[in-house]
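Okay, protein04.cif is below, mmCIF, C-alpha atoms:
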data_final
loop_
_atom_site.label_atom_id
_atom_site.label_comp_id
_atom_site.auth_asym_id
_atom_site.auth_seq_id
_atom_site.Cartn_x
_atom_site.Cartn_y
_atom_site.Cartn_z
CA MET A 22 195.39 128.70 167.92
CA CYS A 23 196.91 130.12 164.86
CA GLY A 24 196.48 126.70 163.29
CA ASP A 25 192.83 126.57 164.22
CA ARG A 26 192.24 129.97 162.75
CA ALA A 27 193.96 128.88 159.59
CA LEU A 28 191.85 125.76 159.40
CA ARG A 29 188.62 127.71 160.02
CA ALA A 30 189.63 130.25 157.45
CA ALA A 31 190.35 127.50 155.00
CA GLY A 32 186.95 125.90 155.80
CA VAL A 33 185.17 129.15 155.25
CA GLU A 34 187.01 129.61 152.07
CA ASN A 35 186.16 126.11 150.91
CA HIS A 36 182.52 126.63 151.91
CA ASP A 37 182.36 129.88 149.96
CA ASN A 38 183.95 128.21 147.01
CA ARG A 39 181.37 125.48 147.07
CA ARG A 40 178.58 128.05 147.26
CA VAL A 41 180.07 129.93 144.35
CA VAL A 42 180.23 126.69 142.38
CA ARG A 43 176.61 125.94 143.18
CA LEU A 44 175.57 129.42 142.13
CA VAL A 45 177.48 129.05 138.90
CA HIS A 46 175.84 125.68 138.16
CA ALA A 47 172.41 127.09 138.98
CA GLY A 48 173.05 129.99 136.67
CA ASN A 49 174.07 127.67 133.86
CA ALA A 50 170.96 125.55 134.36
CA ALA A 51 168.81 128.62 134.33
CA ALA A 52 170.46 129.71 131.14
CA ARG A 53 169.81 126.35 129.54
CA LYS A 54 166.12 126.32 130.72
CA PRO A 55 163.66 128.06 128.39
CA PRO A 56 162.40 131.34 129.75
CA ALA A 57 159.11 131.25 131.62
CA ALA A 58 156.18 132.27 129.51
CA GLU A 59 155.11 135.77 130.20
CA PRO A 60 151.53 136.90 129.70
CA SER A 61 151.12 137.23 125.96
CA GLN A 62 150.07 140.58 124.73
CA ASN A 63 148.92 138.85 121.53
CA ALA A 64 146.38 136.79 123.50
CA HIS A 65 145.18 139.97 125.14
CA HIS A 66 144.80 141.57 121.76
CA ASP A 67 142.94 138.46 120.45
CA ALA A 68 140.45 138.66 123.31
CA LEU A 69 139.93 142.34 122.64
CA ARG A 70 139.45 141.59 118.96
CA LEU A 71 136.77 138.96 119.72
CA ARG A 72 134.99 141.38 122.01
CA THR A 73 135.04 144.08 119.41
CA LEU A 74 133.84 141.90 116.47
CA PRO A 75 130.94 143.49 114.63
CA GLN A 76 127.60 142.22 115.92
CA SER A 77 126.54 141.43 112.36
CA LEU A 78 129.47 138.99 112.01
CA VAL A 79 128.65 137.28 115.32
CA PHE A 80 124.96 137.02 114.27
CA SER A 81 126.02 135.62 110.90
CA MET A 82 128.10 132.91 112.59
CA THR A 83 125.19 132.03 114.92
CA LEU A 84 122.66 132.01 112.08
CA SER A 85 124.85 129.79 109.92
CA THR A 86 125.16 127.29 112.78
CA ILE A 87 121.40 127.27 113.31
CA LEU A 88 120.81 126.80 109.59
CA LEU A 89 123.27 123.91 109.52
CA TYR A 90 121.50 122.14 112.39
CA LEU A 91 118.13 122.84 110.79
CA PHE A 92 119.29 121.39 107.48
CA VAL A 93 120.60 118.27 109.19
CA ALA A 94 117.31 117.85 111.10
CA ILE A 95 115.19 118.27 107.97
CA ALA A 96 117.40 115.88 106.01
CA GLY A 97 117.05 113.34 108.82
CA VAL A 98 113.27 113.63 108.82
CA VAL A 99 113.16 113.22 105.03
CA VAL A 100 115.37 110.14 105.13
CA VAL A 101 113.40 108.53 107.98
CA THR A 102 110.08 109.28 106.25
CA ALA A 103 111.31 107.81 102.97
CA CYS A 104 112.51 104.68 104.76
CA LEU A 105 109.19 104.28 106.58
CA ARG A 106 107.23 104.65 103.35
CA LEU A 107 109.41 102.06 101.67
CA ILE A 108 108.92 99.66 104.57
CA TRP A 109 105.16 100.23 104.56
CA ARG A 110 104.98 99.69 100.80
CA MET A 111 106.97 96.46 100.96
CA ALA A 112 104.91 95.24 103.90
CA GLY A 113 101.70 96.06 102.00
CA VAL A 114 102.82 94.15 98.93
CA TYR A 115 103.68 91.16 101.11
CA LEU A 116 100.35 91.22 102.99
CA ILE A 117 98.31 91.47 99.77
CA HIS A 118 100.30 88.65 98.18
CA ARG A 119 99.89 86.47 101.27
CA ALA A 120 96.13 87.11 101.42
CA GLY A 121 95.62 85.87 97.86
CA PRO A 122 92.77 86.84 95.51
CA ARG A 123 89.44 88.18 96.73
CA ARG A 124 86.72 85.55 96.98
CA LEU A 125 83.67 87.48 95.87
CA SER A 126 80.40 85.77 95.07
CA ALA A 127 78.82 88.88 93.60
CA ALA A 128 78.44 89.19 89.86
CA ARG A 129 77.58 92.90 90.00
CA HIS A 130 80.02 95.56 91.25
CA VAL A 131 78.79 99.07 92.08
CA ILE A 132 80.23 102.21 93.66
CA TRP A 133 77.21 104.51 93.23
CA ARG A 134 73.45 104.39 92.84
CA ASP A 135 70.99 107.12 91.87
CA PRO A 136 69.94 108.84 95.12
CA GLY A 137 66.62 109.99 93.64
CA ARG A 138 65.22 113.32 94.83
CA VAL A 139 68.25 114.54 96.76
CA GLU A 140 66.55 117.62 98.15
CA GLU A 141 64.00 115.41 99.95
CA LEU A 142 66.50 113.10 101.68
CA ASP A 143 66.67 113.03 105.47
CA LEU A 144 70.24 114.03 106.28
CA SER A 145 69.51 114.15 109.98
CA ASP A 146 69.20 110.36 110.26
CA GLY A 147 71.24 109.55 107.16
CA PRO A 148 71.44 106.16 105.44
CA GLY A 149 69.88 104.31 108.40
CA GLY A 150 66.76 106.49 108.52
CA ALA A 151 64.69 107.30 111.56
CA THR A 152 63.92 103.63 112.19
CA GLY A 153 67.58 102.70 112.33
CA VAL A 154 68.52 104.82 115.36
CA PRO A 155 70.28 102.80 118.11
CA LYS A 156 67.82 101.83 120.84
CA PRO A 157 68.97 101.66 124.47
CA PRO A 158 69.75 99.88 126.65
CA PHE A 159 73.15 98.94 125.22
CA THR A 160 74.95 95.80 126.35
CA PHE A 161 78.71 95.41 126.15
CA ILE A 162 80.10 92.64 123.93
CA GLU A 163 83.83 93.29 123.48
CA GLU A 164 86.52 95.96 123.16
CA HIS A 165 88.59 96.39 119.99
CA SER A 166 92.34 96.98 120.14
CA SER A 167 92.76 98.03 116.49
CA GLY A 168 92.21 101.53 115.12
CA SER A 169 93.42 104.90 116.29
CA GLN A 170 90.47 105.59 118.63
CA PRO A 171 88.85 103.67 121.53
CA CYS A 172 86.12 101.36 120.25
CA VAL A 173 83.79 98.71 121.67
CA SER A 174 81.00 96.52 120.29
CA VAL A 175 77.54 96.56 121.87
CA VAL A 176 74.09 95.18 121.16
CA ASP A 177 71.01 97.38 121.50
CA ALA A 178 67.42 96.69 122.54
CA ALA A 179 66.54 95.68 118.96
CA GLU A 180 69.36 93.09 119.06
CA ARG A 181 71.40 94.98 116.47
CA ARG A 182 75.15 95.02 116.86
CA TRP A 183 76.99 98.37 116.85
CA ARG A 184 80.61 99.47 116.87
CA VAL A 185 80.87 102.43 119.25
CA LYS A 186 83.82 104.82 118.80
CA TRP A 187 85.00 107.93 120.62
CA GLY A 188 87.60 110.59 119.93
CA ASN A 189 88.12 113.51 117.59
CA GLU A 190 86.76 111.65 114.53
CA VAL A 191 83.21 111.20 115.80
CA ARG A 192 81.63 114.39 114.44
CA SER A 193 83.53 114.55 111.17
CA GLU A 194 82.78 110.94 110.28
CA ASN A 195 79.09 111.23 111.10
CA PHE A 196 78.66 114.27 108.86
CA ALA A 197 80.82 112.98 105.97
CA VAL A 198 78.80 109.77 105.76
CA ARG A 199 75.59 111.77 105.31
CA LEU A 200 76.98 114.02 102.56
CA ALA A 201 78.46 111.09 100.59
CA TRP A 202 75.21 109.12 100.93
CA ALA A 203 73.13 112.09 99.72
CA CYS A 204 75.21 112.15 96.52
CA GLY A 205 74.54 108.47 95.84
CA TYR A 206 77.62 106.83 97.36
CA PHE A 207 77.43 103.82 99.63
CA ALA A 208 78.04 104.55 103.29
CA GLU A 209 77.69 102.75 106.58
CA THR A 210 74.74 103.38 108.86
CA THR A 211 76.12 105.84 111.40
CA TYR A 212 74.66 107.90 114.25
CA TYR A 213 76.01 110.40 116.74
CA VAL A 214 74.80 109.61 120.27
CA ASP A 215 75.27 112.49 122.68
CA GLU A 216 75.07 110.39 125.85
CA GLY A 217 74.00 106.99 127.09
CA THR A 218 74.88 103.96 129.19
CA ILE A 219 76.54 100.66 128.29
CA GLU A 220 75.75 97.81 130.66
CA GLY A 221 78.06 94.96 131.57
CA CYS A 222 81.42 96.58 130.76
CA GLY A 223 83.14 95.07 133.77
CA GLU A 224 86.65 96.04 134.84
CA GLY A 225 88.65 94.75 131.90
CA LEU A 226 88.43 97.81 129.65
CA GLN A 227 91.67 99.17 128.22
CA ARG A 228 91.57 102.24 125.95
CA ALA A 229 87.80 102.64 126.33
CA ARG A 230 88.15 103.08 130.09
CA THR A 231 88.71 106.80 129.51
CA CYS A 232 85.42 107.02 127.60
CA ILE A 233 83.10 104.84 129.71
CA GLY A 234 82.56 105.61 133.37
CA ASP A 235 82.43 103.07 136.17
CA ASP A 236 78.65 103.30 135.98
CA GLY A 237 78.73 102.60 132.23
CA ARG A 238 77.87 106.14 131.20
CA PHE A 239 79.40 107.73 128.07
CA VAL A 240 79.11 110.93 126.05
CA GLU A 241 79.70 111.97 122.44
CA ALA A 242 79.98 108.59 120.70
CA ARG A 243 79.62 107.39 117.13
CA PHE A 244 77.46 104.27 116.63
CA GLU A 245 78.14 102.33 113.41
CA LEU A 246 75.91 99.39 112.47
CA ASP A 247 77.70 96.05 112.25
CA ASP A 248 75.31 93.90 110.24
CA PRO A 249 76.36 90.21 110.27
CA ALA A 250 74.30 89.61 107.11
CA VAL A 251 76.74 91.75 105.12
CA ARG A 252 80.00 90.13 104.05
CA LYS A 253 82.73 92.72 104.57
CA LEU A 254 86.09 92.72 102.84
CA PHE A 255 88.59 95.01 104.54
CA GLU A 256 92.34 95.64 104.42
CA GLU A 257 94.11 93.20 102.03
CA HIS A 258 90.83 92.51 100.23
CA SER A 259 89.67 96.14 99.98
CA TRP A 260 90.20 98.29 96.87
CA ALA A 261 92.65 100.93 95.62
CA TRP A 262 92.04 104.22 93.84
CA ASN A 263 94.03 102.99 90.85
CA ASP A 264 92.77 99.39 90.90
CA ASN A 265 88.99 98.94 90.80
CA PRO A 266 86.29 98.36 88.17
CA PHE A 267 85.41 102.07 87.98
CA VAL A 268 88.71 103.68 87.01
CA GLY A 269 88.10 106.61 84.66
CA THR A 270 84.35 106.83 85.34
CA PRO A 271 82.45 109.93 86.52
CA GLU A 272 81.23 107.91 89.52
CA LEU A 273 84.75 107.31 90.83
CA HIS A 274 85.87 110.86 90.06
CA GLY A 275 82.78 112.18 91.82
CA LEU A 276 83.76 110.26 94.96
CA LYS A 277 87.21 111.82 94.76
CA ILE A 278 85.65 115.29 94.64
CA ILE A 279 83.57 114.45 97.74
CA VAL A 280 86.76 113.36 99.54
CA MET A 281 88.42 116.68 98.71
CA LEU A 282 85.34 118.79 99.41
CA LEU A 283 85.26 117.33 102.93
CA SER A 284 89.05 117.86 103.33
CA ASN A 285 89.44 114.13 104.03
CA TRP A 286 93.22 113.82 103.94
CA ASP A 287 93.14 110.19 105.18
CA ALA A 288 92.43 108.57 101.80
CA LYS A 289 94.52 105.44 102.34
CA ASP A 290 93.57 102.43 100.22
CA ARG A 291 94.48 98.77 99.75
CA ARG A 292 98.10 99.65 98.96
CA ASP A 293 98.41 101.12 102.45
CA VAL A 294 97.26 97.97 104.20
CA ALA A 295 100.38 97.96 106.41
CA ARG A 296 99.01 101.16 107.99
CA GLY A 297 95.33 100.36 107.51
CA SER A 298 93.14 100.74 104.44
CA ASN A 299 90.12 103.07 104.62
CA THR A 300 88.34 101.44 101.69
CA ALA A 301 86.26 98.26 101.69
CA ILE A 302 83.94 96.07 99.65
CA PHE A 303 80.62 95.06 101.21
CA GLU A 304 78.83 92.13 99.64
CA HIS A 305 75.07 92.42 100.05
CA ARG A 306 72.48 89.79 99.23
CA VAL A 307 69.96 91.60 97.02
CA SER A 308 67.83 88.53 96.28
CA GLY A 309 67.69 84.88 97.23
CA TRP A 310 70.42 83.96 94.79
CA ARG A 311 72.09 87.23 93.77
CA ARG A 312 74.75 89.26 95.57
CA GLU A 313 76.04 92.77 94.90
CA ALA A 314 79.54 94.03 95.72
CA ARG A 315 79.47 97.64 96.91
CA TYR A 316 82.65 99.68 96.97
CA LEU A 317 82.84 102.34 99.68
CA ILE A 318 85.00 104.38 102.03
CA THR A 319 84.68 103.11 105.59
CA ASP A 320 86.64 105.73 107.50
CA TRP A 321 85.87 109.43 107.04
CA GLY A 322 87.47 110.46 110.33
CA GLY A 323 90.08 112.72 108.69
CA SER A 324 87.40 115.10 107.38
CA MET A 325 86.10 118.59 108.16
CA GLY A 326 89.40 120.23 109.02
CA ARG A 327 92.55 121.17 107.13
CA TRP A 328 93.80 118.91 104.39
CA GLY A 329 97.56 118.32 104.33
CA SER A 330 100.30 115.82 103.62
CA ASN A 331 101.69 115.61 107.18
CA ILE A 332 100.54 115.75 110.79
CA VAL A 333 101.67 119.38 111.15
CA THR A 334 99.50 120.81 108.36
CA ARG A 335 96.35 118.67 108.57
CA GLY A 336 93.52 118.26 111.05
CA ARG A 337 89.98 117.03 111.61
CA TRP A 338 86.81 118.86 112.67
CA ASP A 339 88.73 122.13 112.58
CA LEU A 340 86.32 124.91 111.65
CA ASP A 341 88.95 127.65 111.31
CA GLY A 342 91.17 125.46 109.14
CA PHE A 343 88.25 124.35 106.98
CA GLU A 344 87.17 127.94 106.38
CA ALA A 345 90.72 129.10 105.67
CA GLN A 346 91.23 126.51 102.92
CA THR A 347 87.83 126.92 101.28
CA PRO A 348 89.00 129.59 98.78
CA GLU A 349 91.75 127.15 97.70
CA PHE A 350 89.41 124.19 97.13
CA VAL A 351 89.15 124.60 93.33
CA THR A 352 92.23 126.45 92.15
CA GLY A 353 91.42 126.59 88.43
CA VAL A 354 90.49 124.85 85.20
CA GLN A 355 92.95 124.15 82.40
CA ASN A 356 92.40 122.12 79.22
CA ASN A 357 89.11 120.81 80.65
CA PHE A 358 90.83 119.47 83.77
CA VAL A 359 89.90 120.81 87.20
CA HIS A 360 92.73 121.65 89.58
CA PHE A 361 92.34 121.41 93.35
CA GLY A 362 94.37 122.71 96.28
CA TYR A 363 93.93 119.43 98.17
CA THR A 364 96.82 117.37 99.54
CA GLY A 365 96.56 114.15 101.54
CA GLN A 366 97.66 110.54 101.85
CA ARG A 367 97.01 109.80 98.15
CA THR A 368 97.12 113.24 96.55
CA ALA A 369 97.96 112.20 92.99
CA ASP A 370 95.34 109.44 92.91
CA VAL A 371 92.60 111.62 94.35
CA ALA A 372 93.21 115.09 92.91
CA MET A 373 94.52 114.41 89.40
CA GLY A 374 92.64 113.62 86.20
CA ILE A 375 89.24 115.08 87.12
CA THR A 376 87.56 116.79 84.17
CA THR A 377 84.99 119.54 83.97
CA ALA A 378 82.52 116.89 82.80
CA ASP A 379 83.13 114.94 86.01
CA ALA A 380 82.47 118.07 88.07
CA ALA A 381 79.27 118.77 86.11
CA TRP A 382 78.09 115.17 86.59
CA LEU A 383 78.56 115.30 90.37
CA TYR A 384 76.98 118.74 90.66
CA ARG A 385 73.72 117.32 89.29
CA TYR A 386 73.33 115.66 92.72
CA LEU A 387 75.62 117.64 95.02
CA GLY A 388 74.13 120.96 93.91
CA ARG A 389 70.64 119.86 94.96
CA ILE A 390 71.55 119.51 98.63
CA THR A 391 69.91 122.42 100.45
CA GLY A 392 71.25 124.58 103.24
CA ALA A 393 68.60 123.18 105.56
CA GLN A 394 69.79 119.63 104.86
CA LEU A 395 73.39 120.59 105.58
CA ARG A 396 72.33 122.14 108.86
CA ASP A 397 70.35 119.02 109.78
CA ALA A 398 73.38 116.82 109.08
CA LEU A 399 75.69 119.09 111.10
CA GLU A 400 73.33 119.23 114.07
CA ALA A 401 72.92 115.45 113.94
CA SER A 402 76.72 115.19 114.13
CA GLY A 403 76.98 117.16 117.37
CA ALA A 404 78.02 120.52 115.89
CA ALA A 405 77.54 123.61 118.07
CA PRO A 406 75.27 126.41 116.73
CA ASP A 407 78.22 128.56 115.61
CA GLU A 408 79.80 125.53 113.91
CA VAL A 409 76.54 124.80 112.09
CA ASP A 410 76.40 128.33 110.66
CA ARG A 411 80.02 128.59 109.60
CA PHE A 412 80.45 125.03 108.32
CA GLU A 413 77.28 125.38 106.25
CA ARG A 414 78.55 128.56 104.56
CA ALA A 415 81.94 127.05 103.82
CA ILE A 416 80.48 123.82 102.42
CA ARG A 417 78.01 125.70 100.24
CA GLU A 418 80.87 127.78 98.86
CA ARG A 419 82.82 124.62 98.02
CA ILE A 420 79.75 123.14 96.33
CA ALA A 421 79.44 126.35 94.31
CA GLN A 422 83.08 126.01 93.22
CA VAL A 423 82.34 122.52 91.88
CA GLY A 424 79.36 123.90 89.96
CA ARG A 425 81.43 126.72 88.46
CA ALA A 426 84.24 124.35 87.51
CA GLY A 427 81.72 122.15 85.68
CA GLY A 428 80.17 125.12 83.93
CA ALA A 429 76.83 124.38 85.56
CA LEU A 430 76.69 127.35 87.89
CA SER A 431 77.32 131.04 87.87
CA SER A 432 75.91 131.74 91.34
CA ALA A 433 75.66 130.01 94.71
CA PRO A 434 73.61 126.79 95.06
CA ALA A 435 69.98 127.01 96.09
CA ALA A 436 69.23 127.47 99.77
#

Starting from the file, give its structure as structure tokens.
Amino acid sequence: MCGDRALRAAGVENHDNRRVVRLVHAGNAAARKPPAAEPSQNAHHDALRLRTLPQSLVFSMTLSTILLYLFVAIAGVVVVTACLRLIWRMAGVYLIHRAGPRRLSAARHVIWRDPGRVEELDLSDGPGGATGVPKPPFTFIEEHSSGSQPCVSVVDAAERRWRVKWGNEVRSENFAVRLAWACGYFAETTYYVDEGTIEGCGEGLQRARTCIGDDGRFVEARFELDDPAVRKLFEEHSWAWNDNPFVGTPELHGLKIIVMLLSNWDAKDRRDVARGSNTAIFEHRVSGWRREARYLITDWGGSMGRWGSNIVTRGRWDLDGFEAQTPEFVTGVQNNFVHFGYTGQRTADVAMGITTADAAWLYRYLGRITGAQLRDALEASGAAPDEVDRFERAIRERIAQVGRAGGALSSAPAA
């Protein structure tokens, strides 16, 4: 018994010793282990410091970030635009080179003819006159996939072929054609048709399906005569503002003034063939053996709104924008050169180099257009009564600015 107690005592002692040893080892390990991270008072102070930063400093940091992103976005747009223009230019050069020289039979080249007694011209019916109005019924021929607006070809009751277009260019183009024609410039026969029916369209229409109903009915269309007797040279064989037989003449400079007066920002020419040229040469047979090459603008759809160099600043058939820019039409005269506020697709070619003599020459014809004629042309283009009144005033003011720039006018043009 005494032995057992001794053994148990020894076991207890050994057990306690082992526990002591384990405790000692654990203590050493704890000593060697880095102390557990306690909540940092510095971090707490940092958070407090961020919360108590002056609002002006926080706003400054936010504003600087926004400005950085804005700068990067603008730089990206500039780079992409420059690359696109380079691609378009290279593509245009290639297309013109591939097309080869123009094959014109005409010996005479003209861009203008004397309009005669301007104040007696019929601006309601325009270059086609009252006898040239499209005569229903209209029969469908084909739909065109080119161009920015829906367009089809039809034949009317007089067996004349017409290109019918819809969209936001209809009114502006119809009016611009009449004003250019009244000043002596060549223009296509164009009419605004408020409503009508095109027969035989079928079910194969693409873009024009939104403009022509299932029953063939349409509204607010522009009819442009497509005369097969006229040889038409478009795109690669059209002409450029800096490359034509009339460079430096009052006739060409007068056409440029008309472009700016109408706020026609879409003044693309032969050099822009990769995007579509808005100039053309029409070869007319003027006698049994003689042809005449007439240089003209074939697309005035970018007119009667705000001029501008990009899609954000420009528009078409925008009465408020047209009125707002009217005081900036002629910005001054210096060293006998007239300065304009206009910007567009070919700003330097259109707005530069026009003299006071050029303005005076054009005003001899432009200044004779009456207010009644302007109203007739606007009404014939589908303008609402308020648009007729306000557009007429703005256009007459622009005409007066041309007269003053040319020294031919000290008051508004005759009503």

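From atom CA of A:Trp133 back to atom CA of A:Leu273, the distance works out to 8.4 Å.
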
field: Residues within 8 Å of A:Phe358, all atoms listed in the file, excluding chain neighbours under 6 positions, as a PyMOL selection string
entry: chain A and resi 374-377

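In this model, the gap between atom CA of A:Glu163 and atom CA of A:Ala314 comes to 28.1 Å.
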
Picked residues, the PyMOL selection byres ((chain A and resi 191) around 8), expected as a list in words: Lys186, Trp187, Gly188, Asn189, Glu190, Arg192, Ser193, Glu194, Asn195, Tyr213, Glu241, Ala242, Arg243, Gly322 and Ser402 of chain A

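Nearest residue to A:Ile416, choosing from A:Glu344, A:Glu224, A:Glu141, A:Asp379 and counting all atoms listed in the file: A:Glu344.
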
Given the file shown, determine the residues that the PyMOL selection byres ((chain A and resi 320) around 8) selects; report them as a CSV table (one decimal) with C-alpha atoms, in the frame of the given file.
chain,number,residue,atom,x,y,z
A,194,GLU,CA,82.8,110.9,110.3
A,299,ASN,CA,90.1,103.1,104.6
A,300,THR,CA,88.3,101.4,101.7
A,318,ILE,CA,85.0,104.4,102.0
A,319,THR,CA,84.7,103.1,105.6
A,321,TRP,CA,85.9,109.4,107.0
A,322,GLY,CA,87.5,110.5,110.3
A,323,GLY,CA,90.1,112.7,108.7

task: Excluding A:Trp338 and any residue of its chain fewer than 3 positions from it, enumerate the residues within 7 Å of it, using all atoms listed in the file, and give them as a count of residues only.
output: 4
